[in-house]
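Colleague: My structure is below; once you've seen it, I'll send some questions.
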Amino acid sequence: MQKFTTLTSPVIPLNLDNVDTDMIIPAQHLKSVSKLGFGEHVFSALRKMYPDFILNQPAYNTGKILLSKANFGCGSSREHAVWAIQQYGIQAVVCSSFSDIFFNNAAKNCLLLISLPEETISKWIDASLADNTLAMTIDLEAQKISFMGETHSFKYDTFRKHCLINGLDDLDYLLSQEKDITTYEQKHCNLSR
C-alpha cells in the first residue's frame, strides 16, 4: 500500500449530498474478480448523463482530493467504490459525513476520509467551483488540513493513522506484528499438541 503523510493537490468539488456507492461505481462495471479496472468507470453514469459533470471538466479531473457533502458512500456495501476512487487517482475524500460501511471499507484500503463541519465544506466547495486553481494540503501526521488560508484540525483513528502513514492494510499490519505474536504464543499457548 502507498504511504500517506502529506498531500497537496487541487480539489474536485462534488457539490452533492448522499453520494451512494452505485453513483461512484455503477453495478454494470462490477464484472471483474480482481480489484483492478474500476477507476476508469468512477461516476460513469453521472459523467455520461451530465456533460458538465465535474470530472468531465479538464480543470478538475486531475485532483487527488475529492470534496463532497453529507452522507458520502451511502447505499450498498460494495468495496468496489473505494477501489474505483483510488484507481482514479483520488487519495483523500473530505466531507461533512460518511456512511459507516464506506468509512470502514476506505480505512481497510488506505483511502483517507476526513470529516469537517458542513458549513466549512459548503464554503470550500463554492470557492473551488469559482476557482479551479485552489489547492488543499492535508498533513495526516499533524492531523491538519489547510485550504484558502485556513487550517483546521481533524480527528482520525490512531490505528488507521498508523496504517496509512506506514502504508499498511490490515493484513500487512498483522504480519508486521509477527515477532510479538510469536512471543505471546510461546509464553501463553500450549504448543505441545
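Simple scheme: letters A, B, ... for chains in C-alpha cells order, numbers from 1 for residues in each chain, numbers from 1 for ligands in the order shown.
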Write out as JSON, numbers by chain the residues lying within 8 Å of Asn15 of chain A, counting only C-alpha atoms and excluding same-chain residues fewer than 2 positions away.

Modeller: {"A": [13, 17, 67, 68, 69, 125]}

Colleague: Can you tell me which residues surround Thr151 of chain A at a distance of at most 10 Å, considering only C-alpha atoms, apart from same-chain residues fewer than 3 positions away, and format the answer as a ChimeraX atom specification?

Modeller: /A:136-138,144-148,154

Colleague: Would you compute the distance between atom CA of Val11 of chain A and atom CA of Trp124 of chain A? Give it in Å to one decimal.

Modeller: 9.5 Å

Colleague: When DSSP is applied to the backbone of this structure, which of segment 112-141 of chain A are assigned helix (DSSP H, G or I)? Write them out as a list in words.

Modeller: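 Across segment 112-141 of chain A, those assigned helix (DSSP H, G or I) are Glu118, Glu119, Thr120, Ile121, Ser122, Lys123, Trp124, Ile125, Asp126, Ala127, Ser128, Leu129 and Ala130 of chain A.
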
Colleague: Take the residues from that selection and write them out as a short mmCIF file (atom, residue, chain, number, x, y, z; two decimals), in the first residue's frame, keeping N, CA and C atoms.

Modeller:
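The new file part_35.cif reads:
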```cif
data_model
loop_
_atom_site.label_atom_id
_atom_site.label_comp_id
_atom_site.auth_asym_id
_atom_site.auth_seq_id
_atom_site.Cartn_x
_atom_site.Cartn_y
_atom_site.Cartn_z
N GLU A 118 -20.19 20.97 8.16
CA GLU A 118 -20.92 21.18 6.91
C GLU A 118 -20.71 22.59 6.34
N GLU A 119 -20.72 23.60 7.19
CA GLU A 119 -20.56 24.97 6.70
C GLU A 119 -19.18 25.20 6.09
N THR A 120 -18.16 24.57 6.64
CA THR A 120 -16.81 24.67 6.08
C THR A 120 -16.77 24.00 4.72
N ILE A 121 -17.33 22.81 4.62
CA ILE A 121 -17.35 22.07 3.34
C ILE A 121 -18.09 22.88 2.27
N SER A 122 -19.26 23.41 2.61
CA SER A 122 -20.04 24.19 1.63
C SER A 122 -19.26 25.39 1.13
N LYS A 123 -18.60 26.11 2.05
CA LYS A 123 -17.81 27.28 1.67
C LYS A 123 -16.67 26.87 0.74
N TRP A 124 -16.01 25.77 1.06
CA TRP A 124 -14.88 25.31 0.25
C TRP A 124 -15.34 24.82 -1.13
N ILE A 125 -16.48 24.15 -1.19
CA ILE A 125 -17.00 23.71 -2.49
C ILE A 125 -17.31 24.92 -3.37
N ASP A 126 -18.00 25.90 -2.81
CA ASP A 126 -18.33 27.11 -3.57
C ASP A 126 -17.07 27.80 -4.08
N ALA A 127 -16.07 27.93 -3.23
CA ALA A 127 -14.82 28.59 -3.64
C ALA A 127 -14.11 27.79 -4.73
N SER A 128 -14.11 26.47 -4.60
CA SER A 128 -13.43 25.61 -5.59
C SER A 128 -14.13 25.64 -6.94
N LEU A 129 -15.46 25.74 -6.91
CA LEU A 129 -16.20 25.84 -8.16
C LEU A 129 -15.93 27.17 -8.85
N ALA A 130 -15.65 28.20 -8.07
CA ALA A 130 -15.36 29.53 -8.63
C ALA A 130 -13.91 29.66 -9.08
#
```

Colleague: Write out, as JSON lines, each residue of segment 67-129 of chain A that has an atom at most 12 Å from segment 170-187 of chain A, together with the closest pair of atoms and their distance in Å to one decimal, counting only C-alpha atoms, rows going by chain and rising number.

Modeller:
```
{"residue": "A:Asn104", "atom": "CA", "partner": "A:Asp170", "partner_atom": "CA", "distance": 11.5}
{"residue": "A:Asn105", "atom": "CA", "partner": "A:Asp170", "partner_atom": "CA", "distance": 11.1}
{"residue": "A:Ala106", "atom": "CA", "partner": "A:Asp170", "partner_atom": "CA", "distance": 11.7}
{"residue": "A:Ala107", "atom": "CA", "partner": "A:Asp170", "partner_atom": "CA", "distance": 9.1}
{"residue": "A:Lys108", "atom": "CA", "partner": "A:Asp170", "partner_atom": "CA", "distance": 6.3}
{"residue": "A:Asn109", "atom": "CA", "partner": "A:Asp170", "partner_atom": "CA", "distance": 8.4}
{"residue": "A:Cys110", "atom": "CA", "partner": "A:Asp170", "partner_atom": "CA", "distance": 9.4}
```

Colleague: Now that the selection is made, can you save its residues with C-alpha atoms as a short mmCIF file (atom, residue, chain, number, x, y, z; two decimals), in the first residue's frame?

Modeller:
```
data_model
loop_
_atom_site.label_atom_id
_atom_site.label_comp_id
_atom_site.auth_asym_id
_atom_site.auth_seq_id
_atom_site.Cartn_x
_atom_site.Cartn_y
_atom_site.Cartn_z
CA ASN A 104 -14.69 1.13 7.18
CA ASN A 105 -14.04 -0.05 3.61
CA ALA A 106 -11.94 3.05 2.98
CA ALA A 107 -9.93 2.58 6.17
CA LYS A 108 -9.16 -1.06 5.27
CA ASN A 109 -7.98 0.03 1.81
CA CYS A 110 -5.91 3.06 2.91
#
```

Colleague: Excluding Pro26 of chain A and its own-chain neighbours fewer than 2 positions away, which residues fall within 8 Å of it when counting only C-alpha atoms? Please give them as a ChimeraX atom specification.

Modeller: /A:21-24,28-30,41-45

Colleague: I need the residues in segment 46-151 of chain A that are strand (DSSP E or B) according to DSSP; give them as a list of chain:residue names.

Modeller: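 Restricting segment 46-151 of chain A to strand (DSSP E or B) produces A:Ile65, A:Leu66, A:Leu67, A:Phe72, A:Cys74, A:Ala92, A:Val93, A:Val94, A:Cys95, A:Phe98, A:Leu112, A:Leu113, A:Ile114, A:Ser115, A:Ala135, A:Met136, A:Thr137, A:Ile138, A:Asp139, A:Lys144, A:Ile145, A:Ser146, A:Phe147, A:Glu150, A:Thr151.
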
Colleague: Measure the distance from atom CA of Phe53 of chain A to atom CA of Cys74 of chain A in Å and round it to one decimal.

Modeller: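 Interatomic distance here is 20.0 Å.
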
Colleague: If you measure from atom CA of Leu113 of chain A to atom CA of Leu66 of chain A, what distance in Å do you get, rounded to one decimal?

Modeller: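 Interatomic distance here is 9.6 Å.
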